[in-house]
>>> print(open('model12.txt').read())   # compact mmCIF, C-alpha atoms
# COMPACT_ATOMS: atom_id res chain seq x y z
CA MET A 3 -0.05 -27.19 11.54
CA ASN A 4 -2.47 -24.47 12.51
CA VAL A 5 -5.28 -26.50 14.06
CA THR A 6 -7.78 -23.65 13.66
CA GLY A 7 -7.38 -23.83 9.89
CA ARG A 8 -6.37 -20.16 9.83
CA LEU A 9 -2.92 -18.91 8.90
CA PRO A 10 -1.36 -15.74 10.30
CA ASN A 11 -1.90 -12.83 7.91
CA ASP A 12 1.52 -11.23 8.23
CA PRO A 13 4.58 -10.46 6.09
CA VAL A 14 6.19 -13.81 6.92
CA ARG A 15 3.33 -15.66 5.28
CA ALA A 16 3.25 -13.13 2.44
CA GLU A 17 6.85 -14.00 1.51
CA SER A 18 5.65 -17.37 0.21
CA LEU A 19 2.74 -15.86 -1.70
CA LEU A 20 3.89 -12.55 -3.19
CA PRO A 21 7.21 -11.44 -4.74
CA GLY A 22 9.19 -9.99 -1.86
CA GLY A 23 6.11 -10.42 0.31
CA ALA A 24 4.97 -7.06 -1.04
CA LEU A 25 2.21 -5.37 -3.03
CA GLY A 26 4.50 -3.27 -5.19
CA ALA A 27 7.94 -1.82 -5.76
CA ASN A 28 7.55 0.91 -3.12
CA ALA A 29 6.91 -1.50 -0.26
CA ASN A 30 9.21 -1.19 2.74
CA VAL A 31 11.21 -4.41 2.62
CA THR A 32 13.97 -3.31 5.01
CA GLY A 33 13.22 -2.59 8.65
CA PRO A 34 9.84 -2.87 10.39
CA ARG A 35 7.23 -4.74 8.34
CA PHE A 36 3.59 -5.41 9.08
CA ALA A 37 0.22 -6.16 7.52
CA VAL A 38 -2.68 -3.77 8.09
CA SER A 39 -5.93 -5.18 9.42
CA SER A 40 -7.89 -1.95 9.90
CA ALA A 41 -7.63 1.83 9.66
CA SER A 42 -9.47 4.85 11.02
CA GLY A 43 -8.85 8.57 10.81
CA ALA A 44 -5.09 9.21 11.02
CA TYR A 45 -4.18 5.67 12.12
CA ILE A 46 -3.64 2.21 10.72
CA THR A 47 -3.61 -0.94 12.88
CA ASP A 48 -1.62 -4.07 12.06
CA THR A 49 -2.54 -7.71 12.57
CA GLY A 50 -0.75 -7.67 15.92
CA GLY A 51 -2.86 -4.80 17.21
CA ASN A 52 -0.12 -2.16 16.91
CA ARG A 53 -1.23 1.32 15.80
CA TYR A 54 0.78 3.59 13.49
CA LEU A 55 0.19 7.27 12.84
CA ASP A 56 -0.16 7.23 9.08
CA TYR A 57 1.29 9.80 6.68
CA VAL A 58 1.15 7.54 3.62
CA THR A 59 -2.66 7.83 3.43
CA GLY A 60 -2.98 5.55 0.43
CA ALA A 61 -0.23 7.39 -1.48
CA GLY A 62 -2.14 10.61 -0.81
CA ALA A 63 -5.48 9.36 -2.10
CA LEU A 64 -7.12 9.51 1.36
CA ILE A 65 -7.01 13.27 1.88
CA LEU A 66 -9.89 12.98 4.38
CA GLY A 67 -8.12 10.24 6.34
CA HIS A 68 -9.07 6.58 6.64
CA GLN A 69 -12.69 5.42 6.72
CA HIS A 70 -14.25 8.87 6.70
CA PRO A 71 -17.91 8.32 7.67
CA ALA A 72 -19.28 10.26 4.68
CA VAL A 73 -17.21 8.19 2.23
CA VAL A 74 -18.06 4.90 3.91
CA GLU A 75 -21.76 5.77 3.87
CA ALA A 76 -21.62 6.71 0.17
CA VAL A 77 -19.87 3.47 -0.77
CA VAL A 78 -22.27 1.30 1.26
CA ARG A 79 -25.25 3.07 -0.25
CA GLN A 80 -23.84 2.67 -3.77
CA ALA A 81 -23.02 -1.01 -3.18
CA GLY A 82 -26.71 -1.58 -2.50
CA ARG A 83 -27.58 -0.05 -5.89
CA THR A 84 -24.87 -1.28 -8.28
CA MET A 85 -21.21 -2.11 -7.66
CA HIS A 86 -20.03 -2.44 -11.24
CA GLN A 87 -21.20 -1.90 -14.79
CA TYR A 88 -19.40 -2.18 -18.11
CA GLY A 89 -20.31 -0.58 -21.39
CA VAL A 90 -23.22 1.40 -19.98
CA LEU A 91 -23.45 4.70 -18.15
CA THR A 92 -24.26 5.06 -14.47
CA ASP A 93 -25.82 8.10 -12.86
CA VAL A 94 -22.98 8.39 -10.34
CA ALA A 95 -20.29 8.41 -13.06
CA ILE A 96 -22.13 11.18 -14.92
CA GLU A 97 -22.41 13.24 -11.74
CA LEU A 98 -18.72 12.82 -10.94
CA ALA A 99 -17.77 13.83 -14.49
CA SER A 100 -19.84 16.99 -14.06
CA ARG A 101 -18.15 17.83 -10.75
CA LEU A 102 -14.69 17.30 -12.23
CA ILE A 103 -15.36 19.50 -15.24
CA ASP A 104 -16.71 22.24 -12.98
CA ALA A 105 -13.57 22.14 -10.84
CA ILE A 106 -10.65 21.57 -13.24
CA PRO A 107 -9.60 24.66 -15.23
CA CYS A 108 -8.49 22.78 -18.36
CA ALA A 109 -11.50 20.44 -18.42
CA GLU A 110 -14.13 20.88 -21.10
CA ARG A 111 -14.47 17.10 -21.22
CA ILE A 112 -13.06 14.20 -19.22
CA VAL A 113 -12.51 10.57 -20.14
CA PHE A 114 -12.37 8.07 -17.29
CA ALA A 115 -9.56 5.63 -16.58
CA THR A 116 -8.81 3.25 -13.72
CA THR A 117 -5.37 4.34 -12.49
CA GLY A 118 -3.12 7.36 -12.68
CA SER A 119 -0.67 5.35 -14.77
CA GLU A 120 -3.42 4.64 -17.28
CA ALA A 121 -4.39 8.31 -17.35
CA THR A 122 -0.86 9.49 -18.13
CA ALA A 123 -0.53 6.81 -20.82
CA TYR A 124 -3.76 8.00 -22.45
CA SER A 125 -2.57 11.61 -22.22
CA LEU A 126 0.62 10.79 -24.11
CA ARG A 127 -1.30 8.78 -26.69
CA LEU A 128 -3.65 11.70 -27.25
CA ALA A 129 -0.75 14.12 -27.66
CA ARG A 130 0.92 11.91 -30.26
CA ALA A 131 -2.34 11.35 -32.13
CA VAL A 132 -3.38 15.01 -32.21
CA THR A 133 0.00 16.38 -33.28
CA GLY A 134 1.10 13.50 -35.50
CA ARG A 135 4.48 13.59 -33.75
CA ASP A 136 6.21 10.86 -31.75
CA LEU A 137 8.58 12.49 -29.25
CA ILE A 138 7.62 13.31 -25.65
CA VAL A 139 9.55 15.59 -23.30
CA LYS A 140 9.66 14.66 -19.61
CA PHE A 141 11.65 15.97 -16.67
CA GLU A 142 14.36 14.01 -14.95
CA GLY A 143 13.14 12.30 -11.81
CA GLY A 144 9.47 12.76 -12.68
CA PHE A 145 7.28 9.74 -12.03
CA HIS A 146 4.34 9.29 -14.38
CA GLY A 147 3.27 5.73 -13.72
CA ASN A 148 4.17 2.16 -14.53
CA HIS A 149 3.97 2.09 -18.34
CA ASP A 150 7.00 2.04 -20.63
CA TYR A 151 6.87 5.69 -21.71
CA ALA A 152 6.81 6.76 -18.07
CA GLY A 153 9.73 4.56 -17.11
CA ILE A 154 12.57 6.71 -18.46
CA ALA A 155 14.83 8.75 -16.14
CA VAL A 156 12.75 8.14 -13.03
CA ALA A 157 15.40 7.13 -10.51
CA ALA A 158 19.09 6.68 -11.31
CA PRO A 159 22.31 7.02 -9.29
CA THR A 160 23.51 9.85 -11.54
CA THR A 161 21.88 12.50 -13.69
CA ALA A 162 20.95 11.69 -17.27
CA ASP A 163 23.00 12.15 -20.42
CA TYR A 164 20.51 14.79 -21.58
CA PRO A 165 18.31 14.42 -23.50
CA THR A 166 18.75 10.64 -23.24
CA GLY A 167 17.47 8.97 -20.09
CA ARG A 168 18.05 5.56 -18.59
CA PRO A 169 15.13 3.13 -18.38
CA PHE A 170 13.79 2.71 -14.86
CA THR A 171 12.94 -0.95 -15.37
CA ALA A 172 14.17 -3.98 -17.22
CA GLY A 173 12.01 -4.81 -20.22
CA THR A 174 11.73 -1.24 -21.56
CA PRO A 175 12.06 -1.31 -25.37
CA GLY A 176 14.85 0.77 -26.83
CA ALA A 177 12.36 2.20 -29.31
CA VAL A 178 10.35 3.65 -26.44
CA ARG A 179 13.45 5.11 -24.78
CA ASP A 180 14.36 6.83 -28.03
CA THR A 181 11.02 8.68 -28.15
CA VAL A 182 11.43 10.28 -24.70
CA LEU A 183 13.56 13.40 -24.32
CA VAL A 184 14.79 14.10 -20.77
CA VAL A 185 15.38 17.61 -19.44
CA PRO A 186 16.26 18.83 -15.92
CA TYR A 187 13.25 20.08 -13.94
CA ASN A 188 13.05 23.84 -13.27
CA ASP A 189 15.50 24.54 -16.11
CA LEU A 190 13.92 26.46 -19.00
CA GLU A 191 17.29 27.20 -20.58
CA SER A 192 18.01 23.48 -20.93
CA LEU A 193 14.53 22.94 -22.36
CA GLU A 194 15.19 25.52 -25.08
CA ARG A 195 18.68 24.21 -25.83
CA LEU A 196 17.87 20.48 -25.86
CA VAL A 197 14.41 20.40 -27.39
CA THR A 198 14.30 23.28 -29.89
CA PRO A 199 16.53 21.50 -32.48
CA VAL A 200 14.01 18.63 -32.77
CA VAL A 201 10.84 20.46 -31.73
CA ASP A 202 9.04 19.70 -34.99
CA ARG A 203 9.06 16.03 -33.92
CA VAL A 204 7.78 16.67 -30.36
CA ALA A 205 4.15 15.97 -29.47
CA GLY A 206 4.12 17.40 -25.96
CA ILE A 207 5.67 18.00 -22.58
CA ILE A 208 4.51 16.08 -19.52
CA ALA A 209 5.30 17.48 -16.08
CA GLU A 210 4.33 17.05 -12.46
CA PRO A 211 3.56 20.62 -11.37
CA VAL A 212 5.22 19.67 -8.07
CA GLN A 213 7.76 16.99 -8.95
CA ARG A 214 7.84 14.61 -6.00
CA ILE A 215 8.67 17.18 -3.29
CA ILE A 216 10.27 19.76 -5.64
CA ARG A 217 8.32 22.99 -6.06
CA PRO A 218 8.41 24.77 -9.44
CA LEU A 219 10.53 27.90 -9.43
CA PRO A 220 8.72 31.17 -10.18
CA GLY A 221 8.02 31.34 -13.91
CA PHE A 222 8.85 27.70 -14.67
CA LEU A 223 5.34 26.43 -15.35
CA GLU A 224 4.53 29.65 -17.21
CA GLY A 225 7.66 29.03 -19.29
CA LEU A 226 6.44 25.55 -20.21
CA ARG A 227 3.10 26.98 -21.30
CA ASP A 228 4.89 29.59 -23.46
CA PHE A 229 7.25 27.03 -25.01
CA CYS A 230 4.35 24.77 -25.99
CA ASP A 231 2.37 27.67 -27.43
CA ARG A 232 5.31 28.87 -29.52
CA HIS A 233 6.01 25.44 -30.98
CA GLY A 234 2.57 23.88 -31.28
CA LEU A 235 3.06 21.29 -28.55
CA LEU A 236 0.58 20.03 -25.98
CA LEU A 237 1.31 20.75 -22.33
CA ILE A 238 0.31 17.83 -20.10
CA PHE A 239 0.14 18.12 -16.33
CA ASP A 240 0.40 14.94 -14.33
CA GLU A 241 -2.00 15.90 -11.53
CA VAL A 242 -2.39 12.38 -10.17
CA VAL A 243 -0.92 13.61 -6.86
CA THR A 244 -1.51 17.39 -7.03
CA GLY A 245 -5.09 17.14 -8.29
CA PHE A 246 -7.47 18.20 -5.49
CA ARG A 247 -4.43 18.13 -3.20
CA LEU A 248 -2.97 21.63 -3.60
CA SER A 249 -6.34 23.24 -4.20
CA TYR A 250 -9.83 22.30 -5.34
CA GLN A 251 -8.68 23.32 -8.83
CA GLY A 252 -5.50 21.27 -8.48
CA ALA A 253 -2.08 22.64 -9.32
CA GLN A 254 -3.65 24.46 -12.27
CA GLY A 255 -5.59 26.68 -9.92
CA TYR A 256 -2.85 26.82 -7.31
CA PHE A 257 -0.20 28.08 -9.74
CA GLY A 258 -2.46 29.73 -12.29
CA VAL A 259 -1.17 27.82 -15.33
CA THR A 260 -3.61 25.85 -17.50
CA PRO A 261 -2.36 22.83 -19.49
CA ASP A 262 -3.96 21.32 -22.59
CA LEU A 263 -4.42 17.92 -20.92
CA ALA A 264 -4.17 16.72 -17.35
CA ALA A 265 -4.12 13.28 -15.77
CA PHE A 266 -5.94 12.84 -12.46
CA GLY A 267 -6.20 9.91 -10.04
CA LYS A 268 -5.98 9.16 -6.33
CA ILE A 269 -8.24 11.72 -4.61
CA ILE A 270 -10.93 11.74 -7.32
CA GLY A 271 -11.72 8.11 -6.45
CA GLY A 272 -11.87 8.73 -2.69
CA GLY A 273 -9.78 5.62 -2.08
CA GLY A 274 -11.30 3.63 -4.93
CA THR A 275 -9.66 2.79 -8.24
CA LEU A 276 -10.55 5.64 -10.55
CA ALA A 277 -8.72 8.19 -12.70
CA CYS A 278 -9.37 10.45 -15.65
CA VAL A 279 -7.86 12.60 -18.37
CA ALA A 280 -9.21 16.14 -18.52
CA GLY A 281 -8.75 18.62 -21.34
CA ARG A 282 -10.13 20.69 -24.15
CA ALA A 283 -13.14 19.19 -25.91
CA GLU A 284 -11.44 18.87 -29.31
CA LEU A 285 -8.69 16.81 -27.70
CA ILE A 286 -10.71 14.54 -25.42
CA ASP A 287 -13.33 14.00 -28.15
CA ARG A 288 -10.74 12.05 -30.13
CA THR A 289 -11.67 9.18 -27.75
CA ASN A 290 -15.36 9.30 -28.81
CA PRO A 291 -16.39 5.71 -29.62
CA ARG A 292 -18.33 7.00 -32.62
CA LEU A 293 -14.92 7.59 -34.24
CA LYS A 294 -13.92 3.92 -34.03
CA GLY A 295 -12.58 2.74 -37.37
CA THR A 296 -11.40 6.20 -38.42
CA PRO A 297 -7.83 7.56 -38.36
CA ARG A 298 -8.85 10.16 -35.76
CA PHE A 299 -9.86 7.64 -33.10
CA VAL A 300 -7.77 7.34 -29.91
CA TYR A 301 -8.57 4.19 -27.95
CA THR A 302 -9.37 4.45 -24.24
CA SER A 303 -11.29 1.68 -22.55
CA GLY A 304 -11.16 -0.41 -19.41
CA THR A 305 -13.36 -2.77 -17.48
CA PHE A 306 -13.49 -0.49 -14.44
CA HIS A 307 -13.58 2.94 -16.06
CA GLY A 308 -16.01 5.11 -14.11
CA ASN A 309 -16.56 2.34 -11.55
CA PRO A 310 -19.65 3.34 -9.54
CA LEU A 311 -18.22 2.46 -6.12
CA ALA A 312 -15.15 4.61 -6.73
CA ALA A 313 -17.26 7.36 -8.27
CA ALA A 314 -19.48 7.44 -5.19
CA ALA A 315 -16.44 7.63 -2.91
CA GLY A 316 -14.99 10.38 -5.10
CA LEU A 317 -18.19 12.43 -5.03
CA ALA A 318 -18.39 12.21 -1.24
CA THR A 319 -14.75 13.27 -0.98
CA LEU A 320 -15.08 16.21 -3.35
CA GLU A 321 -18.18 17.43 -1.55
CA LEU A 322 -16.21 17.80 1.68
CA LEU A 323 -13.23 19.38 -0.09
CA ARG A 324 -15.47 22.15 -1.47
CA ALA A 325 -15.93 23.63 2.00
CA PRO A 326 -14.35 27.08 2.49
CA GLY A 327 -10.90 27.10 4.04
CA VAL A 328 -10.13 23.41 3.56
CA TYR A 329 -6.93 23.89 1.59
CA GLU A 330 -5.70 26.87 3.55
CA GLY A 331 -6.16 24.75 6.67
CA LEU A 332 -4.25 21.83 5.20
CA GLU A 333 -1.33 24.07 4.29
CA ASP A 334 -1.34 25.69 7.72
CA ARG A 335 -1.29 22.27 9.36
CA THR A 336 1.62 21.16 7.21
CA ARG A 337 3.60 24.28 8.10
CA HIS A 338 2.83 23.63 11.77
CA LEU A 339 4.13 20.06 11.46
CA SER A 340 7.20 21.31 9.59
CA ARG A 341 8.04 23.77 12.38
CA HIS A 342 7.73 21.02 14.99
CA LEU A 343 10.00 18.66 13.09
CA THR A 344 12.51 21.37 12.18
CA ARG A 345 13.01 22.19 15.86
CA VAL A 346 13.68 18.53 16.65
CA LEU A 347 16.18 18.17 13.80
CA ALA A 348 17.99 21.30 14.95
CA ALA A 349 18.11 20.08 18.55
CA HIS A 350 19.93 16.97 17.35
CA ASP A 351 22.26 18.92 15.04
CA ARG A 352 21.09 17.00 12.00
CA ARG A 353 21.96 18.57 8.64
CA ALA A 354 18.41 18.20 7.39
CA LEU A 355 15.31 20.17 6.49
CA VAL A 356 11.60 19.55 6.10
CA ALA A 357 10.70 20.18 2.46
CA THR A 358 7.03 21.05 1.92
CA ALA A 359 4.64 21.83 -0.93
CA GLY A 360 1.05 22.41 0.07
CA SER A 361 0.20 19.42 2.27
CA LEU A 362 3.18 17.36 1.04
CA TRP A 363 6.25 17.00 3.23
CA GLN A 364 9.50 15.05 3.49
CA ILE A 365 12.63 15.17 5.62
CA LEU A 366 15.78 15.49 3.49
CA HIS A 367 19.39 15.63 4.63
CA ILE A 368 20.29 18.58 2.44
CA ASP A 369 21.23 22.27 2.89
CA ARG A 370 18.42 23.93 0.91
CA PRO A 371 15.07 22.98 -0.64
CA PRO A 372 15.60 20.92 -3.79
CA GLU A 373 15.12 22.51 -7.20
CA GLY A 374 15.84 19.44 -9.34
CA TYR A 375 16.70 15.76 -9.37
CA ALA A 376 20.41 16.53 -8.99
CA ASP A 377 19.63 18.17 -5.64
CA LEU A 378 17.87 15.04 -4.44
CA LEU A 379 20.88 12.99 -5.51
CA SER A 380 23.18 15.30 -3.58
CA SER A 381 21.24 14.78 -0.35
CA ASP A 382 22.51 12.16 2.09
CA GLN A 383 20.17 9.45 0.88
CA GLY A 384 21.51 6.91 3.35
CA ALA A 385 20.67 9.24 6.23
CA ASN A 386 17.23 9.92 4.72
CA LEU A 387 16.40 6.22 4.62
CA GLN A 388 17.89 5.52 8.03
CA LEU A 389 15.80 8.23 9.67
CA ASP A 390 12.61 7.19 7.85
CA ARG A 391 13.05 3.60 9.02
CA ALA A 392 13.63 4.82 12.56
CA LEU A 393 10.39 6.84 12.35
CA LEU A 394 8.57 3.72 11.21
CA ALA A 395 10.03 1.76 14.13
CA ASN A 396 8.63 4.49 16.41
CA GLY A 397 5.09 4.21 15.15
CA ILE A 398 5.05 6.77 12.31
CA ASN A 399 4.03 5.16 9.03
CA VAL A 400 6.06 6.56 6.14
CA ILE A 401 7.51 4.87 3.07
CA PRO A 402 11.26 5.39 3.35
CA GLY A 403 12.57 7.74 0.69
CA LEU A 404 9.18 8.96 -0.51
CA ARG A 405 7.14 12.10 0.17
CA ARG A 406 4.30 11.93 2.66
CA PHE A 407 0.94 13.61 3.13
CA VAL A 408 -0.99 15.57 5.73
CA SER A 409 -4.71 14.73 5.70
CA LEU A 410 -7.75 16.41 7.20
CA ALA A 411 -7.68 13.70 9.88
CA HIS A 412 -4.33 14.93 11.24
CA SER A 413 -4.43 17.26 14.25
CA ASP A 414 -2.00 19.20 16.43
CA ASP A 415 -1.90 16.24 18.82
CA HIS A 416 -0.77 14.02 15.97
CA PHE A 417 1.95 16.51 15.07
CA ASP A 418 3.14 16.55 18.69
CA ALA A 419 3.27 12.75 18.61
CA THR A 420 5.22 12.86 15.35
CA ALA A 421 7.75 15.30 16.82
CA HIS A 422 8.20 13.05 19.89
CA ALA A 423 8.70 10.04 17.63
CA LEU A 424 11.28 11.95 15.57
CA ASP A 425 13.10 12.90 18.77
CA ARG A 426 13.22 9.24 19.84
CA ALA A 427 14.37 8.19 16.37
CA CYS A 428 17.20 10.74 16.41
CA ARG A 429 18.29 9.63 19.88
CA GLU A 430 18.30 5.97 18.85
CA LEU A 431 20.33 6.67 15.71
CA ALA A 432 22.82 8.77 17.69
CA ALA A 433 23.23 5.91 20.18
CA ILE A 434 23.84 3.42 17.38
CA GLN A 435 26.39 5.69 15.72
CA GLY A 436 28.08 6.28 19.08
CA SER A 437 28.42 2.58 19.74
CA GLN A 438 29.85 1.98 16.27
CA SER A 439 32.47 4.72 16.66
CA GLY A 440 33.39 3.90 20.27
CA PRO A 441 36.07 1.50 21.55
CA GLY A 442 35.98 -1.65 19.49
CA GLY A 443 33.29 -0.18 17.26
CA GLY A 444 35.32 -0.21 14.08
CA SER A 445 35.65 3.28 12.70
CA GLY A 446 37.14 5.50 15.40
>>> encode(input="model12.txt", output="structure tokens")
Amino acid sequence: MNVTGRLPNDPVRAESLLPGGALGANANVTGPRFAVSSASGAYITDTGGNRYLDYVTGAGALILGHQHPAVVEAVVRQAGRTMHQYGVLTDVAIELASRLIDAIPCAERIVFATTGSEATAYSLRLARAVTGRDLIVKFEGGFHGNHDYAGIAVAAPTTADYPTGRPFTAGTPGAVRDTVLVVPYNDLESLERLVTPVVDRVAGIIAEPVQRIIRPLPGFLEGLRDFCDRHGLLLIFDEVVTGFRLSYQGAQGYFGVTPDLAAFGKIIGGGGTLACVAGRAELIDRTNPRLKGTPRFVYTSGTFHGNPLAAAAGLATLELLRAPGVYEGLEDRTRHLSRHLTRVLAAHDRRALVATAGSLWQILHIDRPPEGYADLLSSDQGANLQLDRALLANGINVIPGLRRFVSLAHSDDHFDATAHALDRACRELAAIQGSQSGPGGGSG
């Protein structure tokens, strides 16, 4: 019995309270585990007082780093005014909507949501409603959230039986699976061959402009725009990660390709729960509540849509991201980190590379940068996970197997520390492998 009446707030206690002692499917449940008690700048601190250099940054939402003073001040100030409203406008939500429309190339209107998953679901609903068609095209390995339509061909041990994809999760209705056509990413020829025969039943194409850590090949996004224009489909960009990450105009500005609709989340809420769908006025206006009861109406509503605390955090974040040179600096920093880590990998003769896209990065045991999901499958995934867990054990917070993010809080000193941690991780793994292959170690 804990005589103080307080229980330790750690993963051991969490096991009895939460499934797997975790807050979601991407939690690290193998290797070092901890509970965060505080965070600041580029670091998180666990309940035992241990600090980790953080490259998860709230799944990329915290592009300024943790607890940025301007964001904290904005949230505290907003909390003293109003923390939550439902069914009525707030001044801060209107201002954020204005900022988003000014920044996003495709945005003539936006409609708020709470999460990126909700935003992609609304985007697909809008596409089906506007076109009167049911089928959606997605790319193999693309992650578009936690709803049923997004859960096809996300992660599987083999490539799909195109254009049919495997459900990512139990409980996915077969009827939903049958409305999603799966095509390899970066492959316009396959798109033409697989989708053209049924194109009159297709509502739209949804794509991450950078799929996980896979960059689009030259002409790929332009090819999607052309295909949609030729066949009367809607092009949907999932900019939940790339929005305000690659540039202030998102991937649309970075690559110069404008979709019909785009889903945003993460950064626009500054660490709060907020998302939106942006697009042409005639599309987004289908969600106008004045249309309720008519066949044109597309339902979008949620208790926390446009939440004022998240909107205040988002406004403070966007204000700092507008400064000249921010994104060029982020990309330069990421290249600097990549060079550091590449030298360490080479020194240890690891068959691996540091894949990057803007301020995204990930170490992959593979010969060349990936161009599609099949390339990720061909990488040594066991070695990827092993190295990521070793990094975590050496004080670098990453989620094994997932991309990571450079923030404005990361500095050259942090990159030096990351390279030293990678060096230690490689040495430790080499020692383990040496002991396993030595006398009495099993495989000789």
>>> residues_around(input="model12.txt", residues="stretch 291-300 of chain A", least_positions_apart="6", cutoff="8 Å", atoms="all atoms listed in the file", output="list in words")
Arg127, Leu128 and Ala131 of chain A
>>> residues_around(input="model12.txt", residues="stretch 346-360 of chain A", least_positions_apart="2", cutoff="7 Å", atoms="all atoms listed in the file", output="list in words")
Ile215, Arg217, Leu248, Glu333, Ser340, His342, Leu343, Thr344, Leu362, Trp363, Gln364, Ile365, Leu366, His367, Ile368, Asp369, Pro371, Ala421, Asp425 and Cys428 of chain A
>>> write_last_selection(input="model12.txt", atoms="C-alpha atoms", output="CSV table (one decimal), in the coordinates of the input")
chain,number,residue,atom,x,y,z
A,215,ILE,CA,8.7,17.2,-3.3
A,217,ARG,CA,8.3,23.0,-6.1
A,248,LEU,CA,-3.0,21.6,-3.6
A,333,GLU,CA,-1.3,24.1,4.3
A,340,SER,CA,7.2,21.3,9.6
A,342,HIS,CA,7.7,21.0,15.0
A,343,LEU,CA,10.0,18.7,13.1
A,344,THR,CA,12.5,21.4,12.2
A,362,LEU,CA,3.2,17.4,1.0
A,363,TRP,CA,6.2,17.0,3.2
A,364,GLN,CA,9.5,15.0,3.5
A,365,ILE,CA,12.6,15.2,5.6
A,366,LEU,CA,15.8,15.5,3.5
A,367,HIS,CA,19.4,15.6,4.6
A,368,ILE,CA,20.3,18.6,2.4
A,369,ASP,CA,21.2,22.3,2.9
A,371,PRO,CA,15.1,23.0,-0.6
A,421,ALA,CA,7.8,15.3,16.8
A,425,ASP,CA,13.1,12.9,18.8
A,428,CYS,CA,17.2,10.7,16.4
>>> residues_near_point(input="model12.txt", point="(3.2, 14.7, 3.8)", cutoff="12 Å", atoms="all atoms listed in the file", output="JSON, numbers by chain")
{"A": [56, 57, 58, 59, 60, 61, 62, 63, 64, 65, 214, 215, 243, 247, 248, 332, 333, 335, 336, 337, 338, 339, 340, 356, 357, 358, 359, 360, 361, 362, 363, 364, 365, 398, 399, 400, 401, 404, 405, 406, 407, 408, 409, 410, 412, 417, 420]}
>>> residues_around(input="model12.txt", residues="stretch 256-263 of chain A", least_positions_apart="2", cutoff="8 Å", atoms="all atoms listed in the file", output="PyMOL selection string")
chain A and resi 107-109+125+223-224+227+236-239+248-249+251-254+265+279-282
>>> closest_residue(input="model12.txt", among="A:Glu330, A:Ala411, A:Ala264, A:Cys278", to="A:Gly304", atoms="only C-alpha atoms")
A:Cys278
>>> atom_distance(input="model12.txt", atom1="atom CA of A:Asp377", atom2="atom CA of A:Phe145")
16.3 Å
>>> closest_residue(input="model12.txt", among="A:Val212, A:Ala427, A:Leu389, A:Ile46", to="A:Phe141", atoms="only C-alpha atoms")
A:Val212
>>> closest_atom_pairs(input="model12.txt", of="stretch 156-262 of chain A", to="stretch 113-118 of chain A", cutoff="12 Å", atoms="all atoms listed in the file", output="tab-separated table")
residue	atom	partner	partner_atom	distance
A:Phe239	CA	A:Gly118	CA	11.8
A:Asp240	CA	A:Gly118	CA	8.5
A:Glu241	CA	A:Gly118	CA	8.7
A:Val242	CA	A:Gly118	CA	5.7
A:Val243	CA	A:Gly118	CA	8.8
A:Thr244	CA	A:Gly118	CA	11.6
A:Gly245	CA	A:Gly118	CA	10.9
>>> closest_residue(input="model12.txt", among="A:Glu210, A:Asp104, A:Asp228, A:Glu321", to="A:Phe266", atoms="only C-alpha atoms")
A:Glu210
>>> closest_residue(input="model12.txt", among="A:Gly267, A:Gly274, A:Pro165, A:Gly221", to="A:Gln69", atoms="only C-alpha atoms")
A:Gly274
>>> atom_distance(input="model12.txt", atom1="atom CA of A:Ile138", atom2="atom CA of A:Leu126")
7.6 Å
>>> atom_distance(input="model12.txt", atom1="atom CA of A:Gly173", atom2="atom CA of A:Ser18")
24.8 Å
>>> build_atoms(input="model12.txt", residues="stretch 415-424 of chain A", atoms="N, CA and C atoms", output="mmCIF file, in the frame of the given file")
data_model
loop_
_atom_site.group_PDB
_atom_site.id
_atom_site.type_symbol
_atom_site.label_atom_id
_atom_site.label_comp_id
_atom_site.auth_asym_id
_atom_site.auth_seq_id
_atom_site.Cartn_x
_atom_site.Cartn_y
_atom_site.Cartn_z
ATOM 1 N N ASP A 415 -2.349 17.338 17.950
ATOM 2 C CA ASP A 415 -1.900 16.240 18.820
ATOM 3 C C ASP A 415 -1.090 15.219 18.026
ATOM 4 N N HIS A 416 -1.522 14.966 16.814
ATOM 5 C CA HIS A 416 -0.770 14.020 15.970
ATOM 6 C C HIS A 416 0.600 14.592 15.620
ATOM 7 N N PHE A 417 0.666 15.902 15.395
ATOM 8 C CA PHE A 417 1.950 16.510 15.070
ATOM 9 C C PHE A 417 2.885 16.485 16.282
ATOM 10 N N ASP A 418 2.330 16.677 17.465
ATOM 11 C CA ASP A 418 3.140 16.550 18.690
ATOM 12 C C ASP A 418 3.695 15.137 18.806
ATOM 13 N N ALA A 419 2.830 14.148 18.538
ATOM 14 C CA ALA A 419 3.270 12.750 18.610
ATOM 15 C C ALA A 419 4.346 12.463 17.577
ATOM 16 N N THR A 420 4.215 13.061 16.399
ATOM 17 C CA THR A 420 5.220 12.860 15.350
ATOM 18 C C THR A 420 6.558 13.461 15.756
ATOM 19 N N ALA A 421 6.520 14.657 16.360
ATOM 20 C CA ALA A 421 7.750 15.300 16.820
ATOM 21 C C ALA A 421 8.428 14.461 17.920
ATOM 22 N N HIS A 422 7.633 13.915 18.835
ATOM 23 C CA HIS A 422 8.200 13.050 19.890
ATOM 24 C C HIS A 422 8.830 11.798 19.282
ATOM 25 N N ALA A 423 8.157 11.226 18.291
ATOM 26 C CA ALA A 423 8.700 10.040 17.630
ATOM 27 C C ALA A 423 10.001 10.365 16.900
ATOM 28 N N LEU A 424 10.051 11.538 16.253
ATOM 29 C CA LEU A 424 11.280 11.950 15.570
ATOM 30 C C LEU A 424 12.402 12.154 16.583
#
